[in-house]
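Shown next: structure08.json, given as JSON, C-alpha atoms.
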```
[["chain", "number", "residue", "atom", "x", "y", "z"],
["A", 1, "MET", "CA", 33.18, -0.93, -5.16],
["A", 2, "ALA", "CA", 34.47, 2.60, -5.43],
["A", 3, "THR", "CA", 33.20, 3.16, -8.94],
["A", 4, "GLY", "CA", 29.57, 3.32, -9.88],
["A", 5, "GLU", "CA", 29.90, 0.69, -12.59],
["A", 6, "VAL", "CA", 29.42, -2.31, -10.31],
["A", 7, "PHE", "CA", 26.89, -0.55, -8.05],
["A", 8, "ASN", "CA", 24.68, 0.21, -11.03],
["A", 9, "VAL", "CA", 23.70, -3.14, -12.53],
["A", 10, "GLY", "CA", 23.19, -2.78, -16.25],
["A", 11, "SER", "CA", 21.22, -4.92, -18.67],
["A", 12, "ALA", "CA", 24.29, -7.12, -19.30],
["A", 13, "HIS", "CA", 23.79, -8.66, -15.85],
["A", 14, "ARG", "CA", 20.13, -9.42, -16.44],
["A", 15, "GLN", "CA", 20.74, -12.95, -17.62],
["A", 16, "THR", "CA", 20.27, -16.39, -16.14],
["A", 17, "PRO", "CA", 23.38, -18.23, -14.87],
["A", 18, "LEU", "CA", 23.46, -20.14, -18.18],
["A", 19, "GLY", "CA", 23.80, -16.88, -20.05],
["A", 20, "VAL", "CA", 20.28, -17.02, -21.51],
["A", 21, "SER", "CA", 18.35, -13.75, -21.41],
["A", 22, "SER", "CA", 15.33, -13.73, -19.10],
["A", 23, "PRO", "CA", 12.03, -13.76, -21.06],
["A", 24, "TYR", "CA", 10.88, -10.91, -18.83],
["A", 25, "GLY", "CA", 14.10, -8.91, -19.17],
["A", 26, "ILE", "CA", 14.62, -8.74, -15.41],
["A", 27, "THR", "CA", 16.78, -10.60, -12.92],
["A", 28, "SER", "CA", 15.36, -13.69, -11.20],
["A", 29, "ARG", "CA", 15.50, -11.86, -7.85],
["A", 30, "LYS", "CA", 13.31, -9.08, -9.19],
["A", 31, "LEU", "CA", 10.92, -11.62, -10.72],
["A", 32, "CYS", "CA", 10.71, -13.36, -7.33],
["A", 33, "MET", "CA", 9.80, -10.05, -5.68],
["A", 34, "TRP", "CA", 7.08, -9.42, -8.28],
["A", 35, "LEU", "CA", 5.67, -12.92, -7.70],
["A", 36, "PHE", "CA", 5.76, -12.36, -3.94],
["A", 37, "ILE", "CA", 3.94, -9.05, -4.40],
["A", 38, "ALA", "CA", 1.24, -10.71, -6.54],
["A", 39, "SER", "CA", 0.70, -13.43, -3.92],
["A", 40, "ASP", "CA", 0.76, -10.93, -1.06],
["A", 41, "ALA", "CA", -1.81, -8.80, -2.91],
["A", 42, "MET", "CA", -4.06, -11.87, -2.87],
["A", 43, "THR", "CA", -3.48, -12.31, 0.88],
["A", 44, "PHE", "CA", -4.50, -8.72, 1.56],
["A", 45, "GLY", "CA", -7.37, -9.09, -0.92],
["A", 46, "ALA", "CA", -8.65, -12.11, 1.02],
["A", 47, "LEU", "CA", -8.50, -10.17, 4.30],
["A", 48, "MET", "CA", -10.33, -7.21, 2.77],
["A", 49, "VAL", "CA", -13.02, -9.48, 1.35],
["A", 50, "ALA", "CA", -13.34, -11.10, 4.81],
["A", 51, "TYR", "CA", -13.71, -7.61, 6.30],
["A", 52, "GLY", "CA", -16.38, -6.74, 3.72],
["A", 53, "TYR", "CA", -18.14, -10.09, 4.21],
["A", 54, "LEU", "CA", -18.42, -9.52, 7.96],
["A", 55, "ARG", "CA", -19.56, -5.96, 7.36],
["A", 56, "VAL", "CA", -22.40, -6.76, 4.94],
["A", 57, "GLY", "CA", -23.37, -9.72, 7.13],
["A", 58, "SER", "CA", -23.82, -7.50, 10.20],
["A", 59, "ALA", "CA", -26.99, -5.61, 10.99],
["A", 60, "GLN", "CA", -25.09, -2.58, 12.25],
["A", 61, "TRP", "CA", -21.38, -2.27, 11.58],
["A", 62, "PRO", "CA", -19.69, 0.25, 13.92],
["A", 63, "ARG", "CA", -18.69, 3.64, 12.53],
["A", 64, "PRO", "CA", -16.29, 4.72, 15.26],
["A", 65, "PHE", "CA", -13.99, 7.15, 13.42],
["A", 66, "ASP", "CA", -14.42, 10.85, 14.22],
["A", 67, "PHE", "CA", -12.70, 13.43, 12.01],
["A", 68, "SER", "CA", -10.43, 14.29, 14.90],
["A", 69, "PRO", "CA", -8.40, 12.43, 15.92],
["A", 70, "SER", "CA", -9.02, 9.25, 13.83],
["A", 71, "ILE", "CA", -9.53, 10.47, 10.23],
["A", 72, "LEU", "CA", -7.01, 13.29, 10.69],
["A", 73, "ASN", "CA", -4.49, 10.75, 12.01],
["A", 74, "ALA", "CA", -5.22, 8.25, 9.19],
["A", 75, "THR", "CA", -4.93, 11.00, 6.55],
["A", 76, "THR", "CA", -1.59, 12.05, 8.03],
["A", 77, "MET", "CA", -0.49, 8.39, 7.94],
["A", 78, "THR", "CA", -1.48, 8.23, 4.25],
["A", 79, "PHE", "CA", 0.49, 11.40, 3.55],
["A", 80, "VAL", "CA", 3.53, 9.99, 5.39],
["A", 81, "LEU", "CA", 3.37, 6.70, 3.47],
["A", 82, "LEU", "CA", 2.93, 8.45, 0.10],
["A", 83, "THR", "CA", 5.91, 10.68, 0.88],
["A", 84, "SER", "CA", 7.93, 7.60, 1.83],
["A", 85, "SER", "CA", 7.15, 6.14, -1.61],
["A", 86, "LEU", "CA", 8.39, 9.40, -3.14],
["A", 87, "THR", "CA", 11.66, 9.21, -1.19],
["A", 88, "MET", "CA", 11.97, 5.52, -2.12],
["A", 89, "ALA", "CA", 11.52, 6.35, -5.81],
["A", 90, "MET", "CA", 14.24, 9.01, -5.41],
["A", 91, "ALA", "CA", 16.50, 6.40, -3.78],
["A", 92, "VAL", "CA", 15.99, 4.06, -6.76],
["A", 93, "ARG", "CA", 16.72, 6.96, -9.12],
["A", 94, "ALA", "CA", 19.90, 7.82, -7.20],
["A", 95, "ALA", "CA", 20.95, 4.14, -7.25],
["A", 96, "ARG", "CA", 20.42, 3.96, -11.02],
["A", 97, "GLY", "CA", 22.58, 7.08, -11.32],
["A", 98, "SER", "CA", 25.30, 5.33, -9.27],
["A", 99, "ASN", "CA", 25.12, 7.97, -6.53],
["A", 100, "ARG", "CA", 25.70, 5.91, -3.39],
["A", 101, "SER", "CA", 25.63, 8.68, -0.77],
["A", 102, "SER", "CA", 22.41, 10.09, -2.19],
["A", 103, "THR", "CA", 20.92, 6.58, -2.31],
["A", 104, "ILE", "CA", 21.69, 6.06, 1.38],
["A", 105, "GLN", "CA", 20.21, 9.46, 2.30],
["A", 106, "TRP", "CA", 16.95, 8.77, 0.46],
["A", 107, "LEU", "CA", 16.78, 5.27, 1.96],
["A", 108, "LEU", "CA", 17.22, 6.68, 5.48],
["A", 109, "ALA", "CA", 14.50, 9.27, 4.80],
["A", 110, "THR", "CA", 12.17, 6.45, 3.68],
["A", 111, "LEU", "CA", 13.06, 4.44, 6.77],
["A", 112, "ALA", "CA", 12.32, 7.41, 9.08],
["A", 113, "LEU", "CA", 8.93, 7.95, 7.42],
["A", 114, "GLY", "CA", 8.17, 4.23, 7.79],
["A", 115, "ILE", "CA", 8.90, 4.41, 11.51],
["A", 116, "LEU", "CA", 6.71, 7.52, 11.80],
["A", 117, "PHE", "CA", 3.87, 5.65, 10.07],
["A", 118, "VAL", "CA", 4.12, 2.76, 12.54],
["A", 119, "VAL", "CA", 4.16, 5.17, 15.52],
["A", 120, "LEU", "CA", 1.05, 7.01, 14.22],
["A", 121, "HIS", "CA", -0.70, 3.70, 13.61],
["A", 122, "LEU", "CA", 0.05, 2.42, 17.09],
["A", 123, "ARG", "CA", -1.29, 5.70, 18.47],
["A", 124, "GLU", "CA", -4.51, 5.03, 16.54],
["A", 125, "TRP", "CA", -4.67, 1.51, 17.98],
["A", 126, "ALA", "CA", -4.11, 2.85, 21.52],
["A", 127, "GLY", "CA", -6.98, 5.31, 21.06],
["A", 128, "LEU", "CA", -9.35, 2.50, 20.02],
["A", 129, "TYR", "CA", -8.12, 0.31, 22.89],
["A", 130, "HIS", "CA", -8.96, 3.09, 25.35],
["A", 131, "GLU", "CA", -12.43, 3.30, 23.81],
["A", 132, "GLY", "CA", -12.87, -0.37, 24.75],
["A", 133, "VAL", "CA", -12.25, -2.05, 21.39],
["A", 134, "ARG", "CA", -10.85, -5.57, 21.81],
["A", 135, "LEU", "CA", -10.53, -8.50, 19.39],
["A", 136, "PHE", "CA", -14.00, -9.87, 20.13],
["A", 137, "GLN", "CA", -15.78, -7.10, 22.00],
["A", 138, "ASN", "CA", -16.40, -3.39, 21.68],
["A", 139, "PRO", "CA", -18.84, -0.80, 22.99],
["A", 140, "TRP", "CA", -20.89, -0.79, 19.76],
["A", 141, "GLY", "CA", -22.18, -4.36, 19.86],
["A", 142, "THR", "CA", -20.69, -5.98, 16.74],
["A", 143, "PRO", "CA", -18.06, -8.30, 18.27],
["A", 144, "ASN", "CA", -16.23, -9.07, 15.01],
["A", 145, "PHE", "CA", -15.32, -5.43, 14.33],
["A", 146, "GLY", "CA", -12.17, -5.58, 16.47],
["A", 147, "ALA", "CA", -11.00, -8.87, 14.94],
["A", 148, "ALA", "CA", -11.53, -7.62, 11.38],
["A", 149, "PHE", "CA", -9.96, -4.21, 12.02],
["A", 150, "PHE", "CA", -6.95, -5.39, 14.00],
["A", 151, "SER", "CA", -6.13, -8.31, 11.67],
["A", 152, "LEU", "CA", -6.22, -6.18, 8.52],
["A", 153, "THR", "CA", -4.35, -3.17, 9.91],
["A", 154, "GLY", "CA", -2.09, -5.43, 12.00],
["A", 155, "LEU", "CA", -0.92, -7.34, 8.93],
["A", 156, "HIS", "CA", -0.20, -4.00, 7.29],
["A", 157, "ILE", "CA", 1.79, -2.73, 10.30],
["A", 158, "PHE", "CA", 3.73, -6.01, 10.19],
["A", 159, "HIS", "CA", 4.56, -5.41, 6.52],
["A", 160, "VAL", "CA", 5.67, -1.82, 7.19],
["A", 161, "SER", "CA", 7.81, -2.92, 10.15],
["A", 162, "ALA", "CA", 9.39, -5.69, 8.07],
["A", 163, "GLY", "CA", 9.98, -3.12, 5.32],
["A", 164, "VAL", "CA", 11.76, -0.79, 7.74],
["A", 165, "ILE", "CA", 14.13, -3.61, 8.73],
["A", 166, "TYR", "CA", 14.58, -4.58, 5.06],
["A", 167, "LEU", "CA", 15.41, -0.99, 4.06],
["A", 168, "ALA", "CA", 17.85, -0.67, 6.95],
["A", 169, "CYS", "CA", 19.65, -3.81, 5.72],
["A", 170, "VAL", "CA", 19.73, -2.46, 2.14],
["A", 171, "ALA", "CA", 21.04, 0.94, 3.33],
["A", 172, "ILE", "CA", 23.79, -0.77, 5.34],
["A", 173, "GLY", "CA", 24.57, -2.96, 2.32],
["A", 174, "VAL", "CA", 24.83, 0.06, 0.02],
["A", 175, "GLY", "CA", 27.12, 1.76, 2.55],
["A", 176, "ARG", "CA", 29.34, -1.29, 2.77],
["A", 177, "GLY", "CA", 29.24, -1.90, -0.95],
["A", 178, "THR", "CA", 27.64, -5.34, -0.70],
["A", 179, "THR", "CA", 24.34, -4.45, -2.40],
["A", 180, "ASN", "CA", 23.83, -2.93, -5.84],
["A", 181, "SER", "CA", 21.26, -0.77, -7.60],
["A", 182, "ASP", "CA", 19.13, -3.81, -8.44],
["A", 183, "ASP", "CA", 18.77, -4.61, -4.72],
["A", 184, "VAL", "CA", 17.66, -1.03, -4.06],
["A", 185, "GLU", "CA", 15.10, -1.30, -6.86],
["A", 186, "ILE", "CA", 13.79, -4.62, -5.52],
["A", 187, "SER", "CA", 13.41, -3.18, -2.00],
["A", 188, "GLY", "CA", 11.63, -0.22, -3.61],
["A", 189, "LEU", "CA", 9.10, -2.61, -5.18],
["A", 190, "TYR", "CA", 8.29, -4.05, -1.74],
["A", 191, "TRP", "CA", 8.01, -0.62, -0.11],
["A", 192, "CYS", "CA", 5.71, 0.80, -2.79],
["A", 193, "PHE", "CA", 3.55, -2.32, -2.56],
["A", 194, "VAL", "CA", 3.01, -1.61, 1.15],
["A", 195, "ASP", "CA", 1.89, 1.88, 0.12],
["A", 196, "LEU", "CA", -0.38, 0.39, -2.55],
["A", 197, "VAL", "CA", -2.16, -1.79, 0.03],
["A", 198, "TRP", "CA", -2.73, 1.23, 2.28],
["A", 199, "MET", "CA", -4.42, 3.02, -0.66],
["A", 200, "PHE", "CA", -7.22, 0.45, -0.27],
["A", 201, "VAL", "CA", -7.17, 0.06, 3.53],
["A", 202, "PHE", "CA", -7.56, 3.80, 4.15],
["A", 203, "PRO", "CA", -10.83, 4.32, 2.20],
["A", 204, "LEU", "CA", -12.38, 0.91, 2.89],
["A", 205, "VAL", "CA", -11.63, 0.66, 6.61],
["A", 206, "TYR", "CA", -11.45, 4.28, 7.74],
["A", 207, "LEU", "CA", -13.41, 6.49, 5.35],
["A", 208, "MET", "CA", -16.30, 4.02, 5.01],
["A", 209, "SER", "CA", -16.60, 3.99, 8.82],
["A", 210, "ILE", "CA", -16.66, 7.68, 9.69],
["A", 211, "ARG", "CA", -18.95, 8.53, 12.60],
["A", 212, "ILE", "CA", -22.19, 10.10, 11.39],
["A", 213, "ALA", "CA", -23.66, 12.68, 13.74],
["B", 1, "MET", "CA", 24.11, 16.93, -20.50],
["B", 2, "THR", "CA", 21.31, 14.77, -21.92],
["B", 3, "GLU", "CA", 21.47, 12.57, -18.83],
["B", 4, "THR", "CA", 21.12, 15.62, -16.56],
["B", 5, "VAL", "CA", 18.05, 16.77, -18.47],
["B", 6, "ASP", "CA", 16.60, 13.23, -18.31],
["B", 7, "ASP", "CA", 17.30, 13.10, -14.55],
["B", 8, "ALA", "CA", 15.54, 16.39, -13.96],
["B", 9, "LYS", "CA", 12.59, 15.16, -16.05],
["B", 10, "SER", "CA", 12.35, 11.90, -14.10],
["B", 11, "ALA", "CA", 12.52, 13.75, -10.75],
["B", 12, "LYS", "CA", 9.76, 16.08, -11.90],
["B", 13, "GLY", "CA", 7.73, 13.08, -13.05],
["B", 14, "ILE", "CA", 8.06, 11.38, -9.66],
["B", 15, "LEU", "CA", 7.06, 14.61, -7.88],
["B", 16, "PHE", "CA", 4.06, 15.03, -10.19],
["B", 17, "VAL", "CA", 2.83, 11.50, -9.43],
["B", 18, "TRP", "CA", 3.21, 12.17, -5.69],
["B", 19, "LEU", "CA", 1.16, 15.37, -6.02],
["B", 20, "VAL", "CA", -1.57, 13.49, -7.90],
["B", 21, "LEU", "CA", -1.66, 10.84, -5.16],
["B", 22, "VAL", "CA", -1.87, 13.42, -2.36],
["B", 23, "ALA", "CA", -4.64, 15.30, -4.21],
["B", 24, "SER", "CA", -6.53, 12.06, -4.79],
["B", 25, "THR", "CA", -6.28, 11.17, -1.09],
["B", 26, "LEU", "CA", -7.68, 14.56, -0.08],
["B", 27, "LEU", "CA", -10.48, 14.06, -2.62],
["B", 28, "GLU", "CA", -11.28, 10.73, -0.95],
["B", 29, "VAL", "CA", -11.67, 12.44, 2.44],
["B", 30, "PHE", "CA", -13.88, 15.09, 0.79],
["B", 31, "VAL", "CA", -16.07, 12.40, -0.82],
["B", 32, "ALA", "CA", -16.39, 10.52, 2.49],
["B", 33, "TYR", "CA", -17.81, 13.65, 4.18],
["B", 34, "ARG", "CA", -20.30, 14.46, 1.39],
["B", 35, "HIS", "CA", -22.82, 12.11, 3.06],
["B", 36, "LEU", "CA", -23.73, 10.43, -0.22],
["B", 37, "SER", "CA", -25.44, 7.04, -0.27],
["B", 38, "GLY", "CA", -23.29, 4.14, 0.99],
["B", 39, "THR", "CA", -23.06, 2.46, -2.42],
["B", 40, "LEU", "CA", -22.11, 5.67, -4.25],
["B", 41, "THR", "CA", -19.49, 6.51, -1.61],
["B", 42, "LEU", "CA", -18.04, 3.00, -1.91],
["B", 43, "VAL", "CA", -17.91, 3.18, -5.72],
["B", 44, "LEU", "CA", -16.26, 6.62, -5.70],
["B", 45, "LEU", "CA", -13.72, 5.66, -3.03],
["B", 46, "LEU", "CA", -12.86, 2.40, -4.77],
["B", 47, "THR", "CA", -12.45, 4.21, -8.11],
["B", 48, "LEU", "CA", -10.05, 6.70, -6.53],
["B", 49, "ALA", "CA", -8.21, 3.84, -4.79],
["B", 50, "VAL", "CA", -7.78, 2.03, -8.14],
["B", 51, "VAL", "CA", -6.49, 5.26, -9.75],
["B", 52, "ASN", "CA", -4.00, 5.67, -6.87],
["B", 53, "GLY", "CA", -3.01, 2.02, -7.26],
["B", 54, "TYR", "CA", -2.39, 2.49, -10.98],
["B", 55, "PHE", "CA", -0.10, 5.48, -10.39],
["B", 56, "ILE", "CA", 1.88, 3.64, -7.69],
["B", 57, "VAL", "CA", 2.33, 0.44, -9.72],
["B", 58, "ALA", "CA", 3.00, 2.16, -13.04],
["B", 59, "PHE", "CA", 5.28, 4.99, -11.93],
["B", 60, "PHE", "CA", 6.67, 4.31, -8.44],
["B", 61, "MET", "CA", 7.13, 0.57, -9.10],
["B", 62, "HIS", "CA", 8.05, 1.24, -12.76],
["B", 63, "LEU", "CA", 5.86, -1.59, -14.09],
["B", 64, "LYS", "CA", 5.05, 0.51, -17.18],
["B", 65, "ASP", "CA", 8.76, 0.40, -18.09],
["B", 66, "GLU", "CA", 8.90, -3.41, -17.93],
["B", 67, "ARG", "CA", 8.34, -5.80, -20.83],
["B", 68, "ARG", "CA", 4.76, -6.49, -21.81],
["B", 69, "SER", "CA", 5.31, -10.21, -21.10],
["B", 70, "LEU", "CA", 5.88, -9.44, -17.39],
["B", 71, "ILE", "CA", 2.85, -7.15, -17.20],
["B", 72, "LEU", "CA", 0.65, -9.78, -18.87],
["B", 73, "THR", "CA", 1.93, -12.48, -16.55],
["B", 74, "LEU", "CA", 1.31, -10.56, -13.34],
["B", 75, "VAL", "CA", -1.62, -8.19, -13.74],
["B", 76, "PRO", "CA", -4.48, -10.25, -15.28],
["B", 77, "ALA", "CA", -3.88, -13.23, -12.96],
["B", 78, "THR", "CA", -3.83, -11.05, -9.83],
["B", 79, "ILE", "CA", -6.93, -9.10, -10.85],
["B", 80, "TYR", "CA", -8.75, -12.34, -11.75],
["B", 81, "VAL", "CA", -8.07, -13.91, -8.35],
["B", 82, "LEU", "CA", -9.04, -10.72, -6.49],
["B", 83, "ALA", "CA", -12.24, -10.46, -8.54],
["B", 84, "MET", "CA", -13.17, -14.10, -7.90],
["B", 85, "MET", "CA", -12.95, -13.52, -4.14],
["B", 86, "ASN", "CA", -15.89, -11.14, -4.45],
["B", 87, "MET", "CA", -18.16, -14.11, -5.18],
["B", 88, "LEU", "CA", -18.46, -14.44, -1.40],
["B", 89, "PHE", "CA", -20.39, -11.18, -0.98],
["B", 90, "PRO", "CA", -23.86, -12.48, -1.92],
["B", 91, "ASP", "CA", -23.44, -15.05, 0.86],
["B", 92, "GLY", "CA", -22.55, -12.25, 3.29],
["B", 93, "ILE", "CA", -25.77, -10.42, 2.33],
["B", 94, "ARG", "CA", -27.75, -13.67, 2.70],
["B", 95, "LEU", "CA", -26.25, -14.09, 6.17],
["B", 96, "HIS", "CA", -27.58, -10.67, 7.14],
["B", 97, "LEU", "CA", -31.03, -11.06, 5.57],
["B", 98, "MET", "CA", -31.68, -14.56, 6.88],
["B", 99, "LYS", "CA", -30.46, -13.89, 10.41],
["B", 100, "PRO", "CA", -33.23, -14.71, 12.92],
["B", 101, "PRO", "CA", -34.35, -11.84, 15.16],
["B", 102, "LEU", "CA", -32.53, -11.57, 18.48],
["B", 103, "HIS", "CA", -35.71, -11.87, 20.62]]
```

Target format structure tokens, applied to this file:
Amino acid sequence: MATGEVFNVGSAHRQTPLGVSSPYGITSRKLCMWLFIASDAMTFGALMVAYGYLRVGSAQWPRPFDFSPSILNATTMTFVLLTSSLTMAMAVRAARGSNRSSTIQWLLATLALGILFVVLHLREWAGLYHEGVRLFQNPWGTPNFGAAFFSLTGLHIFHVSAGVIYLACVAIGVGRGTTNSDDVEISGLYWCFVDLVWMFVFPLVYLMSIRIA
Amino acid sequence: MTETVDDAKSAKGILFVWLVLVASTLLEVFVAYRHLSGTLTLVLLLTLAVVNGYFIVAFFMHLKDERRSLILTLVPATIYVLAMMNMLFPDGIRLHLMKPPLH
């Protein structure tokens, strides 16, 4: 795959195996990713509603997040994830332009930012652990806080970690010539979805729980 | 030549969306520290989150470039299910209001 023609999948390939055009104008793999994203959005939605349900059902929900280090750390994490979406969008753009080396570079940048996000998040978790927050106990007296917080953010960390592995596989595939621009675009959908979820986790979990003096 | 101009435009567009998202995030932090009422803070933060979500889905995930049939298949169904989940909240409030005193 030395030329860009095969790497960049054009509209001619966006057909079913029987040669019939897809009603959505996309490949079945891309449609599968969109359907996965829709169902995963519902999973995260259910967890966020569970978080909210527990919160409104509690007499006093903990507000443990100080500006420094928690909110500062979470804002930095948001910035890192947004920047990773930018680099991912640039990778998709490079893949569409059949520029393989540039695609790999942008993918590696996205991957590095994803790892940084996970490290910052684990640092946040460690800080809460040292404050005495566990799954079903914490110093502030609402036992379910830990369970709600760790399950929601834990599922998100799992998604980011899975995304890092996924992007690494795609980058290796692009380098070897076994994946094409459509694969890069599909991995970009997943990565941006992870960013999309964080856009709701950050305000609802962190900013709504800042410590009030 | 036209492709190069289009490329530069698309790169600028991506960068612009990123700047909007960063600015919106900083605005969220600002709103959170304005010490407004809980409900108003929640409404403002959720509005900003939805705006951020729109920019990510439309521009970073390129959904706005897809066929309308795909958009109409995915978006209304997802929003409907997410909205229906919120029916649980009145029960959460009832749980709080009807809780017997601890002593």

Which residue, A:Ala168, A:Leu54, A:Ala109, A:Leu47, has the smallest gap to chain B when you use all atoms listed in the file?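 The closest residue to chain B is A:Leu54.
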
Compile the residues of chain A that lie within 6 Å of chain B, evaluated using all atoms listed in the file, and express the compilation as a list in words. Tyr24, Tyr53, Val56, Gly57, Ser58, Ala89, Leu189, Leu196, Met199, Phe200 and Leu207 of chain A

Would you mind reading off the distance between atom CA of Val164 of chain A and atom CA of Ile115 of chain A, one decimal, in Å?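 Atom-to-atom, atom CA of Val164 of chain A and atom CA of Ile115 of chain A are spaced 7.0 Å apart.
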
For Phe149 of chain A, work out the shell of residues within 9 Å, counting all atoms listed in the file and skipping chain neighbours fewer than 5 positions away, then give it as a list in words.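 Within the cut-off, the hits are Tyr51, Leu135, Asn144, Gly154 and Val205 of chain A.
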
Edge lengths and centre in Å to one decimal, as lines of an AutoDock Vina configuration file, is what I'm after for the box along x, y and z that holds all listed atoms of segment 96-105 of chain A once 3 Å is added on each side.
```
center_x = 23.0
center_y = 7.0
center_z = -4.5
size_x = 11.5
size_y = 12.1
size_z = 19.6
```

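With atom CA of Ala58 of chain B on one side and atom CA of Ala171 of chain A on the other, the separation reads 24.4 Å.
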
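Taking atom CA of Gly13 of chain B and atom CA of Cys192 of chain A as the two end points, the separation is 16.1 Å.
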